[in-house]
Amino acid sequence: MHNDVAPMHARSAEDAGEHVGFIVELPEFSGPLDLLLSLIRDEQVDIYDIPIARIAEQFLARIHGMRIDDAAEYLEMAARLLRIKAQMLLPRPEGMEAWEDPRAELVRRLLEYQQVREVVDVLERLSDDRRNRFARSYVQVQAEPVDRDDRPFAATLADLFAAVDRVLRQATRPLVHDVIPRALDVDGAMRSIRAVMALRSRAKWGDIVSRDAEPWQILSVLLALLELAKSGELRIAQPKPFASMELSGDTAS
Amino acid sequence: MTPLARLLEAALFASARPIPSDTLSQLDPESTPAGVAAALDEIRERYDNEGHGVELVAVSDGWQILTRPEYTEAIERAQLAARPQRLSGAALETLAIVAYRQPIGRLEIEDIRGVGAGAILKSLQERGLVDVTGRGEGMGRPLLYGTTPLFLEHFALRHLGELPRADELTVALRPALPQAS
Amino acid sequence: MTPLARLLEAALFASARPIPSDTLSQLDPESTPAGVAAALDEIRERYDNEGHGVELVAVSDGWQILTRPEYTEAIERAQLAARPQRLSGAALETLAIVAYRQPIGRLEIEDIRGVGAGAILKSLQERGLVDVTGRGEGMGRPLLYGTTPLFLEHFALRHLGELPRADELTVALRPALPQAS
């Protein structure tokens, strides 16, 4: 059942042949070498002895009508074919053994490309085979691991480069660095601390300062706490070095 | 197994959701509801009697093959260990900016990306990919971030100089640019 | 079925991706590689001999349960699962070249195909089928590409050696390309 997967160029050539007036759409051929190879196949000529004038003529006929912005690579190949055709017309130097066939490089590239097409046929077969089998559909695992940051993560250098590229595209404007001065807000911090302490008799540092607080906020809270402690409104205690500060409104104890 | 049971088994396996009974019937236009029921029985009995690791379960609106509960823990343990978490695009972008602009402060990163970077920087820091490397000048003396040795290790770089220069990078990644000759 | 085979079946069943052999071994800390191999054999034979709708397939560096091809159409018709899109001819050509010549740079690919490869490489990279594996020598230190484990998975290959050897193809490849000037 998989034998029906004809190589893409063969299929394309058939399709193109059925059409009148030849509108070659680019996706039909994956490039000028693909088109050239399909011509050679259609015309049933020897790849090692390509009748270059005939093939060049066919090639030009096929790319006629192609949208020009899509056709640059095809036009380049057409020019190459015409150049080879001209070189073939030059008289060969008499007695020189080492005549280099002008077609040699083209033949080499065609053979190499032909090999790629063979591998494509293999890949296409394998791919169709695999596509005809379903794996288990992905089911979301609901469990979130606790120590998520110890897990390996998948990002390649290419991911990183792509990210840089995205950033560069977005950040075309020159970077003018605006530093916004932020004054400390000790009064505001004192107000929030009083509000917290009004609701509970004891609090911890973390209850007053959010985890993503910015330095100026932290500094404000710190100064406010010292101010409140100085005025006797609350007590600050640290049970052991580096432990979280504990605040209590009960200044009597 | 009967042909219908085989078809149903393949379908139940391939589907992410339970399959309603009438969808199961439609899989083979020639099947009857009784035939489908018999095939489902056959699958269930086979899974139960021959000691398979999976079972056929009737759920609210249909049927589903599920792994037996006793294996859940082992599977979850292995899968979580094996399935690496992808860094989000936002995390990668932030990482890229830090790599190319270090030492760099949070505000500058936010200026480039146009969105807040606090939470992302923190998670990158927790993963050990970036770290605080100093403090900037000026008001508030902002924390400056840089990449860590683990960053190099993860992307298999020997040193930061192995990253492409920013100007050659856009060219390398942009599709179908005319090649430099 | 043996207890180990049941456990492996449950794990393989639950996973959408192939499970590498060593992950399978880790499922039961007391298992031996030989024991795991025997259990996998047991599962495979059971699926084959008792006419199941699924089969056990060795792919990439691990194992995966897949539905048998004869049920694909019915499953797709019932819209229980969809086949992935086919790769274009240009994408397959580029993949073929990368698979056989890796690590390989963009210019070399373009030289063989005769057309630009930037956009295709990028899309293959986004699909996870190829990746940058290093940088070449010479001007601009070009990015070099290679195939990924997902490439193997996509074509249900165990390793690149399963592709035909270059000399098995009808036309022999010349050993190396001259450097693009």
# chains A, B, ... in the order shown; residues from 1 in each chain; ligands from 1
call {"tool": "interface_residues", "arguments": {"of": "chain C", "to": "chain B", "cutoff": "8 Å", "atoms": "only C-alpha atoms", "output": "PDB file with N, CA, C and O atoms, in the first residue's frame"}}
result
ATOM      1  N   MET C   1       0.652 -12.392  32.552  1.00  0.00           N
ATOM      2  CA  MET C   1       1.872 -11.634  32.306  1.00  0.00           C
ATOM      3  C   MET C   1       2.687 -11.522  33.582  1.00  0.00           C
ATOM      4  O   MET C   1       2.135 -11.437  34.671  1.00  0.00           O
ATOM      5  N   THR C   2       3.988 -11.453  33.449  1.00  0.00           N
ATOM      6  CA  THR C   2       4.839 -11.305  34.632  1.00  0.00           C
ATOM      7  C   THR C   2       4.650  -9.909  35.222  1.00  0.00           C
ATOM      8  O   THR C   2       4.273  -8.979  34.510  1.00  0.00           O
ATOM      9  N   ALA C   5       6.421  -7.227  33.277  1.00  0.00           N
ATOM     10  CA  ALA C   5       5.793  -6.943  31.987  1.00  0.00           C
ATOM     11  C   ALA C   5       4.550  -6.079  32.183  1.00  0.00           C
ATOM     12  O   ALA C   5       4.284  -5.160  31.394  1.00  0.00           O
ATOM     13  N   ARG C   6       3.795  -6.354  33.247  1.00  0.00           N
ATOM     14  CA  ARG C   6       2.595  -5.553  33.518  1.00  0.00           C
ATOM     15  C   ARG C   6       2.972  -4.102  33.794  1.00  0.00           C
ATOM     16  O   ARG C   6       2.315  -3.187  33.303  1.00  0.00           O
ATOM     17  N   LEU C   7       4.027  -3.942  34.616  1.00  0.00           N
ATOM     18  CA  LEU C   7       4.466  -2.580  34.946  1.00  0.00           C
ATOM     19  C   LEU C   7       4.920  -1.841  33.678  1.00  0.00           C
ATOM     20  O   LEU C   7       4.544  -0.689  33.436  1.00  0.00           O
ATOM     21  N   LEU C   8       5.727  -2.536  32.874  1.00  0.00           N
ATOM     22  CA  LEU C   8       6.224  -1.895  31.647  1.00  0.00           C
ATOM     23  C   LEU C   8       5.074  -1.578  30.696  1.00  0.00           C
ATOM     24  O   LEU C   8       5.041  -0.528  30.062  1.00  0.00           O
ATOM     25  N   GLU C   9       4.123  -2.502  30.609  1.00  0.00           N
ATOM     26  CA  GLU C   9       2.981  -2.260  29.734  1.00  0.00           C
ATOM     27  C   GLU C   9       2.233  -1.005  30.182  1.00  0.00           C
ATOM     28  O   GLU C   9       1.878  -0.144  29.364  1.00  0.00           O
ATOM     29  N   ALA C  10       2.013  -0.906  31.485  1.00  0.00           N
ATOM     30  CA  ALA C  10       1.296   0.260  32.003  1.00  0.00           C
ATOM     31  C   ALA C  10       2.056   1.532  31.667  1.00  0.00           C
ATOM     32  O   ALA C  10       1.480   2.531  31.219  1.00  0.00           O
ATOM     33  N   ALA C  11       3.373   1.507  31.853  1.00  0.00           N
ATOM     34  CA  ALA C  11       4.176   2.717  31.603  1.00  0.00           C
ATOM     35  C   ALA C  11       4.173   3.059  30.116  1.00  0.00           C
ATOM     36  O   ALA C  11       3.973   4.220  29.735  1.00  0.00           O
ATOM     37  N   PHE C  13       2.039   2.256  27.944  1.00  0.00           N
ATOM     38  CA  PHE C  13       0.685   2.624  27.574  1.00  0.00           C
ATOM     39  C   PHE C  13       0.395   4.071  27.915  1.00  0.00           C
ATOM     40  O   PHE C  13      -0.289   4.781  27.183  1.00  0.00           O
ATOM     41  N   ALA C  14       0.938   4.492  29.047  1.00  0.00           N
ATOM     42  CA  ALA C  14       0.617   5.836  29.526  1.00  0.00           C
ATOM     43  C   ALA C  14       1.377   6.911  28.779  1.00  0.00           C
ATOM     44  O   ALA C  14       0.991   8.072  28.782  1.00  0.00           O
ATOM     45  N   THR C  23      15.131   4.320  31.112  1.00  0.00           N
ATOM     46  CA  THR C  23      13.992   4.768  31.921  1.00  0.00           C
ATOM     47  C   THR C  23      13.112   3.575  32.273  1.00  0.00           C
ATOM     48  O   THR C  23      12.601   3.473  33.391  1.00  0.00           O
ATOM     49  N   GLN C  26      14.533   1.834  35.143  1.00  0.00           N
ATOM     50  CA  GLN C  26      14.390   2.536  36.416  1.00  0.00           C
ATOM     51  C   GLN C  26      13.004   2.381  37.026  1.00  0.00           C
ATOM     52  O   GLN C  26      12.811   2.652  38.209  1.00  0.00           O
ATOM     53  N   LEU C  27      12.046   1.930  36.226  1.00  0.00           N
ATOM     54  CA  LEU C  27      10.680   1.802  36.745  1.00  0.00           C
ATOM     55  C   LEU C  27      10.644   0.844  37.922  1.00  0.00           C
ATOM     56  O   LEU C  27       9.958   1.067  38.903  1.00  0.00           O
ATOM     57  N   ASP C  28      11.376  -0.257  37.798  1.00  0.00           N
ATOM     58  CA  ASP C  28      11.512  -1.185  38.911  1.00  0.00           C
ATOM     59  C   ASP C  28      12.988  -1.277  39.267  1.00  0.00           C
ATOM     60  O   ASP C  28      13.769  -1.857  38.520  1.00  0.00           O
ATOM     61  N   GLU C  50      -1.751 -12.684  20.024  1.00  0.00           N
ATOM     62  CA  GLU C  50      -3.148 -12.738  20.446  1.00  0.00           C
ATOM     63  C   GLU C  50      -4.002 -11.733  19.698  1.00  0.00           C
ATOM     64  O   GLU C  50      -5.117 -11.437  20.100  1.00  0.00           O
ATOM     65  N   GLY C  51      -3.441 -11.206  18.635  1.00  0.00           N
ATOM     66  CA  GLY C  51      -4.229 -10.345  17.749  1.00  0.00           C
ATOM     67  C   GLY C  51      -4.743  -9.086  18.390  1.00  0.00           C
ATOM     68  O   GLY C  51      -5.942  -8.809  18.393  1.00  0.00           O
ATOM     69  N   HIS C  52      -3.834  -8.305  18.959  1.00  0.00           N
ATOM     70  CA  HIS C  52      -4.255  -7.014  19.515  1.00  0.00           C
ATOM     71  C   HIS C  52      -4.273  -5.950  18.427  1.00  0.00           C
ATOM     72  O   HIS C  52      -3.655  -6.116  17.370  1.00  0.00           O
ATOM     73  N   GLY C  53      -4.943  -4.837  18.729  1.00  0.00           N
ATOM     74  CA  GLY C  53      -4.993  -3.716  17.785  1.00  0.00           C
ATOM     75  C   GLY C  53      -3.781  -2.812  17.878  1.00  0.00           C
ATOM     76  O   GLY C  53      -3.643  -1.873  17.112  1.00  0.00           O
ATOM     77  N   VAL C  54      -2.919  -3.096  18.837  1.00  0.00           N
ATOM     78  CA  VAL C  54      -1.711  -2.288  19.011  1.00  0.00           C
ATOM     79  C   VAL C  54      -0.485  -3.195  18.936  1.00  0.00           C
ATOM     80  O   VAL C  54      -0.602  -4.419  19.024  1.00  0.00           O
ATOM     81  N   THR C  67      -0.656   2.004  17.412  1.00  0.00           N
ATOM     82  CA  THR C  67      -1.766   1.263  16.811  1.00  0.00           C
ATOM     83  C   THR C  67      -1.302   0.632  15.508  1.00  0.00           C
ATOM     84  O   THR C  67      -0.389   1.129  14.859  1.00  0.00           O
ATOM     85  N   ARG C  68      -1.946  -0.449  15.127  1.00  0.00           N
ATOM     86  CA  ARG C  68      -1.579  -1.081  13.861  1.00  0.00           C
ATOM     87  C   ARG C  68      -2.147  -0.262  12.698  1.00  0.00           C
ATOM     88  O   ARG C  68      -3.232   0.311  12.812  1.00  0.00           O
ATOM     89  N   TYR C  71      -5.895   0.233  11.230  1.00  0.00           N
ATOM     90  CA  TYR C  71      -7.024   0.887  11.891  1.00  0.00           C
ATOM     91  C   TYR C  71      -6.989   2.404  11.756  1.00  0.00           C
ATOM     92  O   TYR C  71      -7.893   3.097  12.205  1.00  0.00           O
ATOM     93  N   ALA C  74     -10.046   4.309  10.062  1.00  0.00           N
ATOM     94  CA  ALA C  74     -11.279   4.318  10.849  1.00  0.00           C
ATOM     95  C   ALA C  74     -11.161   5.273  12.028  1.00  0.00           C
ATOM     96  O   ALA C  74     -12.089   6.015  12.343  1.00  0.00           O
ATOM     97  N   ILE C  75      -9.983   5.266  12.657  1.00  0.00           N
ATOM     98  CA  ILE C  75      -9.789   6.136  13.822  1.00  0.00           C
ATOM     99  C   ILE C  75      -9.821   7.593  13.403  1.00  0.00           C
ATOM    100  O   ILE C  75     -10.412   8.438  14.070  1.00  0.00           O
ATOM    101  N   ARG C  77     -11.283   8.807  10.716  1.00  0.00           N
ATOM    102  CA  ARG C  77     -12.634   9.134  10.268  1.00  0.00           C
ATOM    103  C   ARG C  77     -13.515   9.501  11.461  1.00  0.00           C
ATOM    104  O   ARG C  77     -14.288  10.443  11.411  1.00  0.00           O
ATOM    105  N   ALA C  78     -13.357   8.745  12.542  1.00  0.00           N
ATOM    106  CA  ALA C  78     -14.156   9.021  13.748  1.00  0.00           C
ATOM    107  C   ALA C  78     -13.627  10.229  14.510  1.00  0.00           C
ATOM    108  O   ALA C  78     -14.150  10.586  15.555  1.00  0.00           O
ATOM    109  N   LEU C  80     -11.045  10.621  16.258  1.00  0.00           N
ATOM    110  CA  LEU C  80     -10.530  10.345  17.597  1.00  0.00           C
ATOM    111  C   LEU C  80      -9.069  10.758  17.698  1.00  0.00           C
ATOM    112  O   LEU C  80      -8.548  10.988  18.771  1.00  0.00           O
ATOM    113  N   ALA C  81      -8.416  10.803  16.562  1.00  0.00           N
ATOM    114  CA  ALA C  81      -7.017  11.243  16.523  1.00  0.00           C
ATOM    115  C   ALA C  81      -6.731  11.677  15.094  1.00  0.00           C
ATOM    116  O   ALA C  81      -7.425  11.268  14.169  1.00  0.00           O
ATOM    117  N   GLY C 116      17.656  28.192  -1.829  1.00  0.00           N
ATOM    118  CA  GLY C 116      17.835  28.660  -0.466  1.00  0.00           C
ATOM    119  C   GLY C 116      17.254  27.684   0.547  1.00  0.00           C
ATOM    120  O   GLY C 116      16.252  27.023   0.268  1.00  0.00           O
ATOM    121  N   ALA C 117      17.895  27.588   1.705  1.00  0.00           N
ATOM    122  CA  ALA C 117      17.446  26.612   2.701  1.00  0.00           C
ATOM    123  C   ALA C 117      17.124  27.260   4.041  1.00  0.00           C
ATOM    124  O   ALA C 117      16.722  26.586   4.976  1.00  0.00           O
ATOM    125  N   GLY C 118      17.283  28.575   4.122  1.00  0.00           N
ATOM    126  CA  GLY C 118      17.117  29.247   5.423  1.00  0.00           C
ATOM    127  C   GLY C 118      15.764  29.019   6.064  1.00  0.00           C
ATOM    128  O   GLY C 118      15.673  28.585   7.204  1.00  0.00           O
ATOM    129  N   ALA C 119      14.704  29.284   5.303  1.00  0.00           N
ATOM    130  CA  ALA C 119      13.364  29.188   5.872  1.00  0.00           C
ATOM    131  C   ALA C 119      13.037  27.743   6.252  1.00  0.00           C
ATOM    132  O   ALA C 119      12.448  27.475   7.297  1.00  0.00           O
ATOM    133  N   ILE C 120      13.452  26.803   5.376  1.00  0.00           N
ATOM    134  CA  ILE C 120      13.150  25.400   5.654  1.00  0.00           C
ATOM    135  C   ILE C 120      13.896  24.920   6.893  1.00  0.00           C
ATOM    136  O   ILE C 120      13.334  24.239   7.744  1.00  0.00           O
ATOM    137  N   LYS C 122      14.829  26.636   9.356  1.00  0.00           N
ATOM    138  CA  LYS C 122      14.225  27.216  10.543  1.00  0.00           C
ATOM    139  C   LYS C 122      12.958  26.465  10.921  1.00  0.00           C
ATOM    140  O   LYS C 122      12.714  26.188  12.093  1.00  0.00           O
ATOM    141  N   GLY C 140      32.667  33.639   9.180  1.00  0.00           N
ATOM    142  CA  GLY C 140      31.403  33.756   9.876  1.00  0.00           C
ATOM    143  C   GLY C 140      31.090  32.586  10.791  1.00  0.00           C
ATOM    144  O   GLY C 140      30.056  32.568  11.426  1.00  0.00           O
ATOM    145  N   PRO C 142      29.921  29.399  10.400  1.00  0.00           N
ATOM    146  CA  PRO C 142      28.517  29.094  10.147  1.00  0.00           C
ATOM    147  C   PRO C 142      27.955  28.084  11.142  1.00  0.00           C
ATOM    148  O   PRO C 142      28.685  27.230  11.658  1.00  0.00           O
ATOM    149  N   LEU C 143      26.663  28.213  11.388  1.00  0.00           N
ATOM    150  CA  LEU C 143      25.983  27.239  12.235  1.00  0.00           C
ATOM    151  C   LEU C 143      25.939  25.900  11.505  1.00  0.00           C
ATOM    152  O   LEU C 143      25.708  25.842  10.312  1.00  0.00           O
TER     153      LEU C 143
END
call {"tool": "calpha_fit_rmsd", "arguments": {"fixed": "chain B", "moving": "chain C"}}
result
18.7 Å
call {"tool": "atom_distance", "arguments": {"atom1": "CA of Trp99 (chain A)", "atom2": "CA of Ala56 (chain A)"}}
result
22.0 Å
call {"tool": "select_by_dssp", "arguments": {"residues": "region 8-73 of chain C", "states": "alpha helix (DSSP H)", "output": "ChimeraX atom specification"}}
result
/C:8-14,21-27,33-49,72-73
call {"tool": "interface_residues", "arguments": {"of": "chain A", "to": "chain C", "cutoff": "7 Å", "atoms": "only C-alpha atoms", "output": "PyMOL selection string"}}
result
chain A and resi 8+30-33+73+109+111-113+115-117+119-120+123+126-127+130-138+158
call {"tool": "select_by_dssp", "arguments": {"residues": "chain C", "states": "strand (DSSP E)", "output": "list in words"}}
result
Ile19, Pro20, Val54, Glu55, Leu56, Val57, Ala58, Val59, Gly62, Trp63, Gln64, Ile65, Leu66, Thr67, Ile104, Gly105, Val130, Asp131, Val132, Thr133, Gly134, Arg135, Leu143, Leu144, Tyr145, Gly146 and Thr147 of chain C
call {"tool": "decode", "arguments": {"residues": "region 47-72 of chain C", "atoms": "N, CA and C atoms", "output": "CSV table (one decimal), in the first residue's frame"}}
result
chain,number,residue,atom,x,y,z
C,47,TYR,N,1.1,-9.1,22.1
C,47,TYR,CA,0.3,-8.3,21.2
C,47,TYR,C,0.3,-8.9,19.8
C,48,ASP,N,1.4,-9.5,19.4
C,48,ASP,CA,1.4,-10.1,18.0
C,48,ASP,C,0.5,-11.4,18.0
C,49,ASN,N,0.7,-12.3,18.9
C,49,ASN,CA,0.1,-13.6,18.8
C,49,ASN,C,-1.3,-13.6,19.2
C,50,GLU,N,-1.8,-12.7,20.0
C,50,GLU,CA,-3.1,-12.7,20.4
C,50,GLU,C,-4.0,-11.7,19.7
C,51,GLY,N,-3.4,-11.2,18.6
C,51,GLY,CA,-4.2,-10.3,17.7
C,51,GLY,C,-4.7,-9.1,18.4
C,52,HIS,N,-3.8,-8.3,19.0
C,52,HIS,CA,-4.3,-7.0,19.5
C,52,HIS,C,-4.3,-6.0,18.4
C,53,GLY,N,-4.9,-4.8,18.7
C,53,GLY,CA,-5.0,-3.7,17.8
C,53,GLY,C,-3.8,-2.8,17.9
C,54,VAL,N,-2.9,-3.1,18.8
C,54,VAL,CA,-1.7,-2.3,19.0
C,54,VAL,C,-0.5,-3.2,18.9
C,55,GLU,N,0.7,-2.6,18.7
C,55,GLU,CA,1.9,-3.4,18.8
C,55,GLU,C,3.0,-2.6,19.5
C,56,LEU,N,4.0,-3.4,19.9
C,56,LEU,CA,5.2,-2.8,20.5
C,56,LEU,C,6.3,-2.5,19.5
C,57,VAL,N,6.8,-1.3,19.4
C,57,VAL,CA,7.7,-1.0,18.4
C,57,VAL,C,9.0,-0.4,19.0
C,58,ALA,N,10.1,-0.8,18.5
C,58,ALA,CA,11.4,-0.2,19.0
C,58,ALA,C,11.6,1.0,18.1
C,59,VAL,N,11.8,2.2,18.8
C,59,VAL,CA,12.0,3.4,18.0
C,59,VAL,C,13.0,4.3,18.8
C,60,SER,N,13.7,5.1,18.0
C,60,SER,CA,14.8,5.9,18.6
C,60,SER,C,15.6,5.1,19.6
C,61,ASP,N,15.7,5.5,20.8
C,61,ASP,CA,16.5,4.6,21.7
C,61,ASP,C,15.6,4.0,22.7
C,62,GLY,N,14.3,3.8,22.4
C,62,GLY,CA,13.4,3.2,23.3
C,62,GLY,C,12.3,2.4,22.7
C,63,TRP,N,11.2,2.4,23.4
C,63,TRP,CA,10.1,1.5,23.0
C,63,TRP,C,8.8,2.3,23.1
C,64,GLN,N,7.9,1.9,22.2
C,64,GLN,CA,6.6,2.7,22.1
C,64,GLN,C,5.5,1.7,21.7
C,65,ILE,N,4.3,1.9,22.3
C,65,ILE,CA,3.2,1.2,21.8
C,65,ILE,C,2.5,2.0,20.7
C,66,LEU,N,2.2,1.4,19.5
C,66,LEU,CA,1.5,2.1,18.5
C,66,LEU,C,0.3,1.3,18.0
C,67,THR,N,-0.7,2.0,17.4
C,67,THR,CA,-1.8,1.3,16.8
C,67,THR,C,-1.3,0.6,15.5
C,68,ARG,N,-1.9,-0.4,15.1
C,68,ARG,CA,-1.6,-1.1,13.9
C,68,ARG,C,-2.1,-0.3,12.7
C,69,PRO,N,-1.4,-0.2,11.6
C,69,PRO,CA,-1.7,0.7,10.5
C,69,PRO,C,-3.2,0.4,9.9
C,70,GLU,N,-3.7,-0.8,10.0
C,70,GLU,CA,-5.0,-1.1,9.4
C,70,GLU,C,-6.1,-0.3,10.0
C,71,TYR,N,-5.9,0.2,11.2
C,71,TYR,CA,-7.0,0.9,11.9
C,71,TYR,C,-7.0,2.4,11.8
C,72,THR,N,-5.9,2.9,11.1
C,72,THR,CA,-5.7,4.3,11.1
C,72,THR,C,-6.9,5.1,10.5
